[in-house]
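Pasting run_5.cif here (mmCIF, C-alpha atoms):
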data_coords
loop_
_atom_site.label_atom_id
_atom_site.label_comp_id
_atom_site.auth_asym_id
_atom_site.auth_seq_id
_atom_site.Cartn_x
_atom_site.Cartn_y
_atom_site.Cartn_z
CA MET G 1 190.62 -138.33 -81.25
CA LYS G 2 193.26 -136.71 -79.10
CA TRP G 3 190.69 -135.53 -76.56
CA SER G 4 189.02 -138.92 -76.41
CA HIS G 5 192.35 -140.57 -75.55
CA LEU G 6 192.96 -138.04 -72.79
CA LEU G 7 189.48 -138.58 -71.37
CA LEU G 8 189.92 -142.35 -71.42
CA SER G 9 193.28 -142.08 -69.68
CA PHE G 10 191.75 -139.86 -66.99
CA LEU G 11 188.89 -142.28 -66.36
CA LEU G 12 191.29 -145.24 -66.12
CA LEU G 13 193.41 -143.29 -63.64
CA CYS G 14 190.38 -142.56 -61.48
CA LEU G 15 189.23 -146.15 -61.55
CA THR G 16 192.69 -147.40 -60.66
CA SER G 17 192.92 -144.92 -57.80
CA CYS G 18 189.52 -145.86 -56.41
CA GLU G 19 190.27 -149.56 -56.65
CA GLY G 20 193.64 -149.10 -54.94
CA THR G 21 192.27 -147.19 -51.94
CA GLY G 22 188.84 -148.73 -51.77
CA LEU G 23 187.35 -145.35 -50.80
CA PRO G 24 183.70 -144.93 -51.72
CA THR G 25 182.20 -141.84 -53.30
CA GLY G 26 182.08 -138.98 -50.81
CA CYS G 27 185.06 -140.23 -48.80
CA PRO G 28 186.77 -138.05 -47.91
CA PRO G 29 185.39 -136.17 -46.12
CA VAL G 30 182.63 -138.49 -44.87
CA CYS G 31 184.18 -141.91 -44.08
CA SER G 32 182.55 -142.80 -40.76
CA GLY G 33 182.12 -146.51 -40.12
CA LEU G 34 184.08 -147.38 -43.24
CA ASN G 35 185.69 -150.84 -43.44
CA LEU G 36 189.17 -150.65 -44.96
CA ARG G 37 190.67 -153.62 -43.18
CA GLY G 38 194.18 -154.47 -44.38
CA ARG G 39 194.36 -151.76 -47.09
CA ASP G 40 197.58 -150.02 -48.06
CA LEU G 41 196.83 -146.30 -47.84
CA SER G 42 200.39 -145.07 -47.69
CA GLY G 43 200.67 -141.38 -48.51
CA ILE G 44 196.90 -140.86 -48.72
CA ASP G 45 195.40 -137.48 -47.79
CA LEU G 46 192.53 -137.91 -45.34
CA SER G 47 193.04 -134.65 -43.51
CA ASN G 48 189.92 -133.47 -41.62
CA ALA G 49 188.05 -136.60 -42.73
CA ASN G 50 185.28 -138.07 -40.61
CA LEU G 51 186.49 -141.59 -39.75
CA ARG G 52 184.56 -142.09 -36.54
CA ARG G 53 184.24 -145.78 -35.66
CA ALA G 54 185.97 -146.71 -38.92
CA ILE G 55 187.22 -150.30 -39.21
CA LEU G 56 190.93 -149.94 -39.98
CA PRO G 57 192.86 -152.88 -38.51
CA ASN G 58 196.14 -153.78 -40.26
CA VAL G 59 195.83 -150.72 -42.50
CA THR G 60 199.10 -149.18 -43.71
CA PHE G 61 199.12 -145.40 -43.26
CA ILE G 62 202.84 -144.77 -43.79
CA ASN G 63 203.37 -141.04 -44.51
CA ALA G 64 199.59 -140.56 -44.66
CA ASN G 65 198.06 -137.17 -43.88
CA LEU G 66 195.41 -137.59 -41.18
CA ALA G 67 195.76 -134.12 -39.70
CA GLY G 68 192.55 -132.99 -38.06
CA ALA G 69 190.82 -136.29 -38.85
CA ASP G 70 188.09 -137.55 -36.54
CA LEU G 71 189.06 -141.13 -35.61
CA ALA G 72 187.15 -141.33 -32.34
CA GLY G 73 186.31 -144.93 -31.54
CA ALA G 74 188.03 -146.18 -34.70
CA ASN G 75 189.65 -149.64 -34.83
CA LEU G 76 193.31 -149.09 -35.74
CA SER G 77 194.68 -152.25 -34.17
CA ARG G 78 197.96 -153.35 -35.76
CA ALA G 79 197.84 -150.33 -38.07
CA ASN G 80 201.13 -149.03 -39.46
CA LEU G 81 201.17 -145.27 -38.87
CA VAL G 82 204.92 -144.72 -39.23
CA LYS G 83 205.62 -141.06 -40.07
CA ALA G 84 201.90 -140.32 -40.46
CA ASN G 85 200.61 -136.82 -39.74
CA LEU G 86 197.99 -136.97 -36.99
CA ALA G 87 198.33 -133.39 -35.80
CA GLY G 88 195.06 -132.24 -34.22
CA ALA G 89 193.41 -135.62 -34.86
CA ASN G 90 190.71 -136.95 -32.56
CA LEU G 91 191.67 -140.49 -31.49
CA SER G 92 189.70 -140.55 -28.25
CA GLY G 93 188.56 -144.04 -27.39
CA ALA G 94 190.29 -145.48 -30.46
CA ASN G 95 191.72 -149.00 -30.54
CA LEU G 96 195.44 -148.71 -31.31
CA GLN G 97 196.55 -152.03 -29.88
CA ASN G 98 199.85 -153.23 -31.41
CA ALA G 99 199.94 -150.16 -33.67
CA LYS G 100 203.25 -148.78 -34.98
CA LEU G 101 203.56 -145.03 -34.40
CA MET G 102 207.28 -144.35 -34.82
CA GLY G 103 207.97 -140.89 -36.21
CA VAL G 104 204.30 -139.91 -36.09
CA ASN G 105 203.20 -136.30 -35.60
CA LEU G 106 200.64 -136.13 -32.77
CA THR G 107 200.79 -132.42 -32.00
CA ASP G 108 197.52 -131.35 -30.33
CA ALA G 109 195.99 -134.80 -30.91
CA ASP G 110 193.38 -136.24 -28.52
CA LEU G 111 194.15 -139.78 -27.26
CA ALA G 112 192.00 -139.64 -24.14
CA GLY G 113 190.73 -143.11 -23.29
CA ALA G 114 192.46 -144.68 -26.28
CA ASP G 115 193.85 -148.21 -25.99
CA LEU G 116 197.52 -148.40 -27.05
CA THR G 117 198.32 -151.77 -25.49
CA ASN G 118 201.57 -153.13 -26.99
CA ALA G 119 201.85 -150.09 -29.29
CA VAL G 120 205.27 -148.81 -30.36
CA LEU G 121 205.83 -145.05 -29.90
CA THR G 122 209.62 -144.93 -29.78
CA ARG G 123 210.93 -141.34 -29.48
CA VAL G 124 207.54 -139.77 -30.27
CA ASP G 125 206.80 -136.24 -29.01
CA LEU G 126 203.68 -136.37 -26.82
CA THR G 127 204.05 -133.01 -25.07
CA ARG G 128 200.90 -131.51 -26.57
CA VAL G 129 198.74 -134.63 -26.63
CA ARG G 130 195.70 -135.28 -24.47
CA LEU G 131 196.39 -138.58 -22.68
CA THR G 132 193.99 -138.71 -19.74
CA ALA G 133 192.80 -142.24 -18.94
CA VAL G 134 194.81 -143.65 -21.85
CA ILE G 135 195.80 -147.34 -21.77
CA LEU G 136 199.50 -147.93 -22.54
CA ASP G 137 199.98 -151.41 -21.10
CA ASN G 138 203.21 -153.06 -22.32
CA ALA G 139 203.69 -150.24 -24.83
CA ARG G 140 207.18 -149.20 -25.94
CA LEU G 141 207.63 -145.54 -25.01
CA ILE G 142 211.41 -145.53 -25.24
CA GLY G 143 212.76 -141.98 -25.43
CA VAL G 144 209.33 -140.33 -25.71
CA ASN G 145 208.93 -136.69 -24.75
CA MET G 146 206.02 -136.19 -22.35
CA TRP G 147 207.15 -133.04 -20.61
CA GLY G 148 204.31 -131.74 -18.41
CA VAL G 149 201.62 -134.00 -19.91
CA ASP G 150 198.47 -135.04 -18.05
CA LEU G 151 198.47 -138.83 -17.56
CA SER G 152 196.24 -138.79 -14.50
CA GLY G 153 194.40 -142.08 -14.16
CA ALA G 154 196.30 -143.54 -17.11
CA GLN G 155 197.24 -147.23 -17.27
CA LEU G 156 200.87 -148.08 -18.06
CA ILE G 157 201.23 -151.62 -16.71
CA GLY G 158 204.53 -153.15 -17.81
CA THR G 159 205.28 -150.19 -20.09
CA ASN G 160 208.85 -149.57 -21.23
CA LEU G 161 209.65 -145.94 -20.35
CA SER G 162 213.42 -146.14 -20.75
CA GLY G 163 214.81 -142.72 -21.61
CA ALA G 164 211.36 -141.09 -21.39
CA ARG G 165 211.18 -137.43 -20.39
CA LEU G 166 208.26 -136.72 -18.02
CA PRO G 167 209.36 -133.81 -15.79
CA GLY G 168 206.41 -132.01 -14.26
CA SER G 169 203.95 -134.55 -15.64
CA ASN G 170 200.72 -135.44 -13.85
CA LEU G 171 200.66 -139.18 -13.15
CA SER G 172 198.46 -139.00 -10.08
CA GLY G 173 196.41 -142.14 -9.65
CA ALA G 174 198.06 -143.75 -12.66
CA ASN G 175 198.81 -147.48 -12.76
CA LEU G 176 202.52 -147.90 -13.48
CA SER G 177 202.96 -151.34 -11.96
CA ARG G 178 205.89 -153.29 -13.44
CA VAL G 179 207.03 -150.25 -15.46
CA ASP G 180 210.60 -150.72 -16.71
CA ILE G 181 213.05 -147.86 -17.28
CA ARG G 182 216.33 -149.61 -16.46
CA GLN G 183 217.69 -149.48 -20.03
CA GLU G 184 218.10 -145.70 -20.21
CA GLY G 185 216.52 -144.34 -17.02
CA ALA G 186 213.76 -141.72 -17.14
CA ASN G 187 213.31 -138.10 -16.12
CA LEU G 188 210.45 -137.78 -13.63
CA ASN G 189 211.74 -134.69 -11.82
CA GLY G 190 208.87 -132.77 -10.27
CA ALA G 191 206.29 -135.28 -11.51
CA ASP G 192 203.01 -135.71 -9.64
CA LEU G 193 202.78 -139.40 -8.71
CA ARG G 194 200.42 -139.07 -5.77
CA GLY G 195 198.55 -142.31 -5.22
CA ALA G 196 200.15 -143.90 -8.28
CA ASP G 197 200.67 -147.67 -8.40
CA LEU G 198 204.35 -148.45 -9.01
CA SER G 199 204.36 -151.90 -7.43
CA GLY G 200 207.02 -154.14 -8.90
CA ALA G 201 208.33 -151.32 -11.10
CA ASN G 202 212.00 -151.10 -12.06
CA LEU G 203 213.01 -147.45 -11.64
CA THR G 204 216.75 -147.99 -11.87
CA GLY G 205 218.40 -144.78 -13.04
CA ALA G 206 215.25 -142.67 -12.68
CA GLN G 207 215.46 -138.97 -11.84
CA LEU G 208 212.77 -138.16 -9.26
CA ARG G 209 214.08 -134.96 -7.72
CA GLY G 210 211.20 -133.07 -6.12
CA ALA G 211 208.60 -135.59 -7.33
CA ASN G 212 205.45 -136.10 -5.28
CA LEU G 213 204.97 -139.79 -4.41
CA ALA G 214 202.70 -139.27 -1.42
CA ARG G 215 200.57 -142.38 -0.79
CA ALA G 216 202.12 -144.09 -3.81
CA GLU G 217 202.22 -147.90 -3.96
CA LEU G 218 205.86 -148.97 -4.39
CA SER G 219 205.84 -152.42 -2.82
CA GLY G 220 208.41 -154.72 -4.38
CA ALA G 221 209.75 -151.94 -6.62
CA THR G 222 213.44 -151.53 -7.51
CA ILE G 223 214.39 -147.88 -7.07
CA ALA G 224 218.09 -147.17 -7.57
CA ALA G 225 217.36 -143.54 -8.30
CA GLY G 226 217.84 -139.91 -7.35
CA LEU G 227 215.01 -138.82 -5.03
CA TRP G 228 216.34 -135.53 -3.64
CA GLY G 229 213.57 -133.76 -1.75
CA THR G 230 210.96 -136.24 -2.96
CA ASP G 231 207.67 -136.44 -1.06
CA LEU G 232 207.04 -140.07 -0.05
CA THR G 233 204.59 -139.31 2.74
CA ARG G 234 202.67 -142.48 3.63
CA ALA G 235 204.06 -144.24 0.56
CA ASN G 236 204.12 -148.03 0.67
CA LEU G 237 207.71 -149.15 0.06
CA ARG G 238 207.30 -152.56 1.65
CA ASN G 239 209.93 -155.06 0.42
CA SER G 240 211.23 -152.55 -2.11
CA THR G 241 214.88 -152.25 -3.14
CA LEU G 242 216.29 -148.74 -2.76
CA GLU G 243 219.94 -149.75 -2.81
CA ASN G 244 222.29 -146.80 -3.47
CA SER G 245 219.40 -144.37 -4.01
CA ILE G 246 219.67 -140.73 -2.97
CA LEU G 247 216.93 -139.72 -0.51
CA SER G 248 218.61 -136.60 0.82
CA GLY G 249 215.98 -134.22 2.14
CA ALA G 250 213.17 -136.63 1.23
CA ASN G 251 209.95 -136.72 3.24
CA LEU G 252 209.18 -140.29 4.34
CA THR G 253 206.75 -139.37 7.08
CA GLU G 254 204.69 -142.44 8.04
CA ALA G 255 206.04 -144.32 5.01
CA ASN G 256 206.03 -148.11 5.15
CA LEU G 257 209.62 -149.28 4.69
CA SER G 258 209.18 -152.67 6.31
CA GLY G 259 211.45 -155.22 4.65
CA ALA G 260 212.98 -152.56 2.39
CA ASP G 261 216.62 -152.81 1.28
CA LEU G 262 218.17 -149.41 2.01
CA ALA G 263 221.81 -150.44 1.64
CA GLY G 264 223.98 -147.50 0.63
CA VAL G 265 221.04 -145.06 0.56
CA LEU G 266 221.83 -141.41 1.26
CA LEU G 267 219.39 -140.22 3.94
CA ASN G 268 221.01 -137.03 5.18
CA GLY G 269 218.33 -134.49 6.06
CA ALA G 270 215.54 -137.01 5.40
CA ARG G 271 212.36 -137.01 7.47
CA LEU G 272 211.21 -140.46 8.65
CA HIS G 273 208.83 -139.35 11.37
CA GLY G 274 206.50 -142.23 12.18
CA ALA G 275 207.95 -144.40 9.41
CA ASN G 276 207.76 -148.19 9.66
CA LEU G 277 211.32 -149.55 9.60
CA ARG G 278 210.60 -153.05 10.88
CA THR G 279 212.78 -155.64 9.08
CA ALA G 280 214.31 -152.82 6.98
CA ALA G 281 218.05 -152.99 6.24
CA LEU G 282 220.16 -149.81 6.42
CA VAL G 283 223.71 -151.08 5.88
CA TYR G 284 226.79 -148.98 5.10
CA THR G 285 230.53 -149.26 5.48
CA ASN G 286 230.27 -146.00 7.46
CA THR G 287 227.59 -143.37 8.03
CA ALA G 288 229.62 -140.19 7.80
CA GLY G 289 227.53 -137.65 5.88
CA ILE G 290 225.01 -140.34 4.92
CA MET G 291 222.55 -140.25 7.81
CA THR G 292 223.20 -136.81 9.27
CA ASN G 293 220.35 -134.56 10.42
CA ILE G 294 217.87 -137.40 9.91
CA ASP G 295 214.51 -137.22 11.68
CA LEU G 296 213.55 -140.63 13.10
CA SER G 297 211.16 -139.33 15.76
CA GLY G 298 208.25 -141.68 16.23
CA ALA G 299 209.70 -144.24 13.80
CA HIS G 300 208.70 -147.89 14.32
CA TYR G 301 211.48 -150.47 14.45
CA ASP G 302 212.39 -153.63 16.32
CA THR G 303 215.14 -156.23 16.65
CA THR G 304 214.74 -157.15 12.97
CA THR G 305 215.68 -153.64 11.84
CA ILE G 306 219.28 -153.49 10.66
CA PHE G 307 221.12 -150.23 11.40
CA PRO G 308 224.76 -149.42 10.58
CA PRO G 309 227.25 -150.33 13.34
CA ASP G 310 228.30 -146.73 13.97
CA PHE G 311 224.83 -145.16 13.87
CA ASP G 312 223.44 -144.05 17.23
CA VAL G 313 219.66 -144.29 16.95
CA THR G 314 219.06 -142.78 20.37
CA ALA G 315 220.90 -139.61 19.36
CA ASP G 316 218.25 -139.00 16.73
CA LEU G 317 215.35 -140.00 18.98
CA PRO G 318 215.43 -137.54 21.88
CA SER G 319 212.08 -138.79 23.19
CA MET G 320 213.42 -142.33 23.59
CA ASP G 321 214.47 -143.90 26.86
CA ALA G 322 218.13 -144.45 25.99
CA SER G 323 218.64 -146.97 28.79
CA ALA G 324 216.07 -149.30 27.24
CA ALA G 325 216.56 -148.47 23.59
CA MET G 326 219.66 -150.22 22.43
CA THR G 327 220.79 -153.81 22.31
CA SER G 328 223.50 -155.32 20.18
CA THR G 329 223.60 -158.59 18.34
CA THR G 330 226.64 -160.77 17.91
CA SER G 331 226.89 -159.66 14.29
CA SER G 332 229.89 -157.48 13.51
CA THR G 333 228.07 -155.67 10.72
CA MET G 334 225.05 -154.19 12.45
CA THR G 335 223.51 -152.78 15.59
CA VAL G 336 219.86 -153.59 16.10
CA PRO G 337 217.84 -151.49 18.53
CA THR G 338 214.80 -152.96 20.25
CA ALA G 339 211.57 -151.05 20.31
CA PRO G 340 211.23 -149.03 23.54
CA PRO G 341 208.61 -150.10 26.10
CA GLY G 342 205.07 -149.24 25.15
CA ARG G 343 205.82 -148.73 21.48
CA ASP G 344 203.12 -149.92 19.10
CA LYS G 345 203.94 -153.33 17.61
CA GLU G 346 201.34 -153.26 14.87
CA GLU G 347 202.64 -153.81 11.35
CA GLY G 348 202.13 -151.16 8.66
CA THR G 349 202.00 -147.38 8.57
CA ALA G 350 199.76 -145.07 10.45
CA PRO G 351 196.38 -144.41 8.83
#

This structure in C-alpha cells:
Amino acid sequence: MKWSHLLLSFLLLCLTSCEGTGLPTGCPPVCSGLNLRGRDLSGIDLSNANLRRAILPNVTFINANLAGADLAGANLSRANLVKANLAGANLSGANLQNAKLMGVNLTDADLAGADLTNAVLTRVDLTRVRLTAVILDNARLIGVNMWGVDLSGAQLIGTNLSGARLPGSNLSGANLSRVDIRQEGANLNGADLRGADLSGANLTGAQLRGANLARAELSGATIAAGLWGTDLTRANLRNSTLENSILSGANLTEANLSGADLAGVLLNGARLHGANLRTAALVYTNTAGIMTNIDLSGAHYDTTTIFPPDFDVTADLPSMDASAAMTSTTSSTMTVPTAPPGRDKEEGTAP
C-alpha cells in the first residue's frame, strides 16, 4: 500500500508539472515551433533546447535557464526574461519587440538580425554578444555595457543610450537618428561611426574623444560633447548645435557646418580645410586659446558667417587677398568676412 501511494503521488506531480508548463513529451530538448503563448515558465530549465521558430509571445521566463538554447527566429515579443540565463543562446532573427531583459545574462549570445524594438535592456552587459544588423529602435539601453561590440549596420532609431559604455565599438553605417543620451551621457571614445546616421540625435554629455565620424550624418543633431581629436571629415553637421563642445584637434576637413551653432566651441588646433561655414555662428566673449592654430585654408564662408569680433580670419588664411577679405557689420558682437573674389558660392561640402 505504501508503494502504491508513492507511485500515485509521483504520477500526480508529473501531471501537474506538465499541465503547468504545457511542454509536450520530448520537450526539452526538441521544442521547435512550439506554441506556449502567455505561459508562465519562471525558473524552468530549457538549457540547450531546440526552440527554433517557437511561438512564445507574452511568456514569463523570469529566472529561467535558457543557456545554449536555439531560439533563432522565435517569437518572444513582450516576453518577460528578467534575470533569465541566455548565455550562449542563439537568438538570431528572433522577435523580441517590447521584451523585458533587465538583469539577463547574454554572454556569448547571438542576437544578429534580431528585432528588439521597444525592448528594455537597462544595465545589461552586451560586451560579448553578436549584434550585427540588430534592430534596437526606441529600445531602452540605459547604462548598458557594449565595450568594443560590433553594431555595424545596426538600427537604433530613437534609442535611449544614456549612460551606455561603447568605447571602441563599431557603429559604422549604423542608423542612430534621434538617439538620446542626454540623461547620463554616453562613452563613445574611439568608436567607429563612419557613415553613421545621427541626424536629430541628442548627444549632450557624450564622450567622443578620438571617435571616427567621417562622412557621418549629423544634421540637426545636438552635440554638447567632448570631441578631442575626433575625425569629422566630410561629416554633415548642417544646422546642428555644437554649443560649448570641445573640438580641439578635431579634423573637420570638408565638413558641412552650414547653419551650425558653434557658440563657445573650443577649436584650437582643429582642421577645417575646405569646410562649409556659410551661415555658421562662431560666437565667443573672447577667442584667447579657443581658436588658436586653427586651419581654415580653403574654408567656404560668406557674409552670413558669424565670427568672433576679435578673430582675424585673414591671419589664418594666408592664401586670401586680405584687402578684399574682410568687411564689418554694424553689429557690436561679430565680424563677418565676405567670400574673396572667385570663391565658389555653391552650397554644401566638396564631393

Exercise. How far is it from atom CA of Ala221 of chain G to atom CA of Leu131 of chain G, in Å with one decimal?
Worked result: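 According to the coordinates, atom CA of Ala221 of chain G and atom CA of Leu131 of chain G are separated by 24.8 Å.
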
Exercise. In terms of the shortest atom-to-atom distance over all atoms listed in the file, which of G:Asn293, G:Asn85, G:Asn75, G:Asn189 is closest to Ile44 of chain G?
Worked result: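 That would be G:Asn85, the residue with the smallest distance to Ile44 of chain G.
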
Exercise. Quick one: of G:Leu227, G:Leu203, G:Arg234, G:His300, who's nearest to Val265 of chain G, counting only C-alpha atoms?
Worked result: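 Closest candidate: G:Leu227.
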
Problem set entry | Between atom CA of Ala99 of chain G and atom CA of Thr132 of chain G - distance in Å to one decimal |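 About the pair atom CA of Thr132 of chain G and atom CA of Ala99 of chain G: they are 19.0 Å apart.
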
Problem set entry | Selection under test: the PyMOL selection byres ((chain G and resi 245) around 10); residues as a list in words |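 Written out, the selection comes to Thr204, Gly205, Ala206, Thr222, Ile223, Ala224, Ala225, Gly226, Leu227, Trp228, Thr241, Leu242, Glu243, Asn244, Ile246, Leu247, Ser248, Leu262, Ala263, Gly264, Val265, Leu266 and Leu267 of chain G.
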
For this session: Using the chain letters and numbering of this document, enumerate as a PyMOL selection string the residues selected by the PyMOL selection byres ((chain G and resi 30) around 12).
Result: chain G and resi 23-29+31-34+46-54+69-71

For this session: Could you expand the PyMOL selection byres ((chain G and resi 57-67) around 6) into the explicit residues it covers here, written as a list in words?
Result: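 Answer for the PyMOL selection byres ((chain G and resi 57-67) around 6): Arg37, Gly38, Arg39, Asp40, Leu41, Ser42, Gly43, Ile44, Asp45, Leu46, Ser47, Leu56, Gly68, Ala69, Asn75, Leu76, Ser77, Arg78, Ala79, Asn80, Leu81, Val82, Lys83, Ala84, Asn85, Leu86, Ala87, Gly88 and Ala89 of chain G.
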
Expected file: the selected residues, C-alpha atoms, as a PDB file, in the frame of the given file:
ATOM      1  CA  ARG G  37     190.670-153.620 -43.180  1.00  0.00           C
ATOM      2  CA  GLY G  38     194.180-154.470 -44.380  1.00  0.00           C
ATOM      3  CA  ARG G  39     194.360-151.760 -47.090  1.00  0.00           C
ATOM      4  CA  ASP G  40     197.580-150.020 -48.060  1.00  0.00           C
ATOM      5  CA  LEU G  41     196.830-146.300 -47.840  1.00  0.00           C
ATOM      6  CA  SER G  42     200.390-145.070 -47.690  1.00  0.00           C
ATOM      7  CA  GLY G  43     200.670-141.380 -48.510  1.00  0.00           C
ATOM      8  CA  ILE G  44     196.900-140.860 -48.720  1.00  0.00           C
ATOM      9  CA  ASP G  45     195.400-137.480 -47.790  1.00  0.00           C
ATOM     10  CA  LEU G  46     192.530-137.910 -45.340  1.00  0.00           C
ATOM     11  CA  SER G  47     193.040-134.650 -43.510  1.00  0.00           C
ATOM     12  CA  LEU G  56     190.930-149.940 -39.980  1.00  0.00           C
ATOM     13  CA  GLY G  68     192.550-132.990 -38.060  1.00  0.00           C
ATOM     14  CA  ALA G  69     190.820-136.290 -38.850  1.00  0.00           C
ATOM     15  CA  ASN G  75     189.650-149.640 -34.830  1.00  0.00           C
ATOM     16  CA  LEU G  76     193.310-149.090 -35.740  1.00  0.00           C
ATOM     17  CA  SER G  77     194.680-152.250 -34.170  1.00  0.00           C
ATOM     18  CA  ARG G  78     197.960-153.350 -35.760  1.00  0.00           C
ATOM     19  CA  ALA G  79     197.840-150.330 -38.070  1.00  0.00           C
ATOM     20  CA  ASN G  80     201.130-149.030 -39.460  1.00  0.00           C
ATOM     21  CA  LEU G  81     201.170-145.270 -38.870  1.00  0.00           C
ATOM     22  CA  VAL G  82     204.920-144.720 -39.230  1.00  0.00           C
ATOM     23  CA  LYS G  83     205.620-141.060 -40.070  1.00  0.00           C
ATOM     24  CA  ALA G  84     201.900-140.320 -40.460  1.00  0.00           C
ATOM     25  CA  ASN G  85     200.610-136.820 -39.740  1.00  0.00           C
ATOM     26  CA  LEU G  86     197.990-136.970 -36.990  1.00  0.00           C
ATOM     27  CA  ALA G  87     198.330-133.390 -35.800  1.00  0.00           C
ATOM     28  CA  GLY G  88     195.060-132.240 -34.220  1.00  0.00           C
ATOM     29  CA  ALA G  89     193.410-135.620 -34.860  1.00  0.00           C
TER      30      ALA G  89
END

Exercise. Between G:Leu156, G:Val283, G:Val179, G:Ile294, which is the closest to Ile306 of chain G once you count only C-alpha atoms?
Worked result: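 Nearest candidate to Ile306 of chain G out of G:Leu156, G:Val283, G:Val179, G:Ile294: G:Val283.
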
Listed atoms of segment 271-275 of chain G, axis-aligned box, 3 Å per side: centre and edge lengths to one decimal in Å, as JSON?
{"center_x": 209.4, "center_y": -140.7, "center_z": 9.8, "size_x": 11.9, "size_y": 13.4, "size_z": 10.7}

Exercise. Got a sec: who's within 8 Å of segment 138-144 of chain G, counting only C-alpha atoms, leaving out chain neighbours fewer than 2 positions off, as a ChimeraX atom specification?
Worked result: /G:116-126,136,146,156-165

Next, dump the selected residues to file, keeping only C-alpha atoms, as a PDB file, in the frame of the given file.
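File produced: out-v4.pdb:
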ATOM      1  CA  LEU G 116     197.520-148.400 -27.050  1.00  0.00           C
ATOM      2  CA  THR G 117     198.320-151.770 -25.490  1.00  0.00           C
ATOM      3  CA  ASN G 118     201.570-153.130 -26.990  1.00  0.00           C
ATOM      4  CA  ALA G 119     201.850-150.090 -29.290  1.00  0.00           C
ATOM      5  CA  VAL G 120     205.270-148.810 -30.360  1.00  0.00           C
ATOM      6  CA  LEU G 121     205.830-145.050 -29.900  1.00  0.00           C
ATOM      7  CA  THR G 122     209.620-144.930 -29.780  1.00  0.00           C
ATOM      8  CA  ARG G 123     210.930-141.340 -29.480  1.00  0.00           C
ATOM      9  CA  VAL G 124     207.540-139.770 -30.270  1.00  0.00           C
ATOM     10  CA  ASP G 125     206.800-136.240 -29.010  1.00  0.00           C
ATOM     11  CA  LEU G 126     203.680-136.370 -26.820  1.00  0.00           C
ATOM     12  CA  LEU G 136     199.500-147.930 -22.540  1.00  0.00           C
ATOM     13  CA  MET G 146     206.020-136.190 -22.350  1.00  0.00           C
ATOM     14  CA  LEU G 156     200.870-148.080 -18.060  1.00  0.00           C
ATOM     15  CA  ILE G 157     201.230-151.620 -16.710  1.00  0.00           C
ATOM     16  CA  GLY G 158     204.530-153.150 -17.810  1.00  0.00           C
ATOM     17  CA  THR G 159     205.280-150.190 -20.090  1.00  0.00           C
ATOM     18  CA  ASN G 160     208.850-149.570 -21.230  1.00  0.00           C
ATOM     19  CA  LEU G 161     209.650-145.940 -20.350  1.00  0.00           C
ATOM     20  CA  SER G 162     213.420-146.140 -20.750  1.00  0.00           C
ATOM     21  CA  GLY G 163     214.810-142.720 -21.610  1.00  0.00           C
ATOM     22  CA  ALA G 164     211.360-141.090 -21.390  1.00  0.00           C
ATOM     23  CA  ARG G 165     211.180-137.430 -20.390  1.00  0.00           C
TER      24      ARG G 165
END

Exercise. What is the atom CA of Leu111 of chain G-atom CA of Asp137 of chain G distance in Å, reported with one decimal?
Worked result: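 Value for the atom CA of Leu111 of chain G-atom CA of Asp137 of chain G distance: 14.4 Å.
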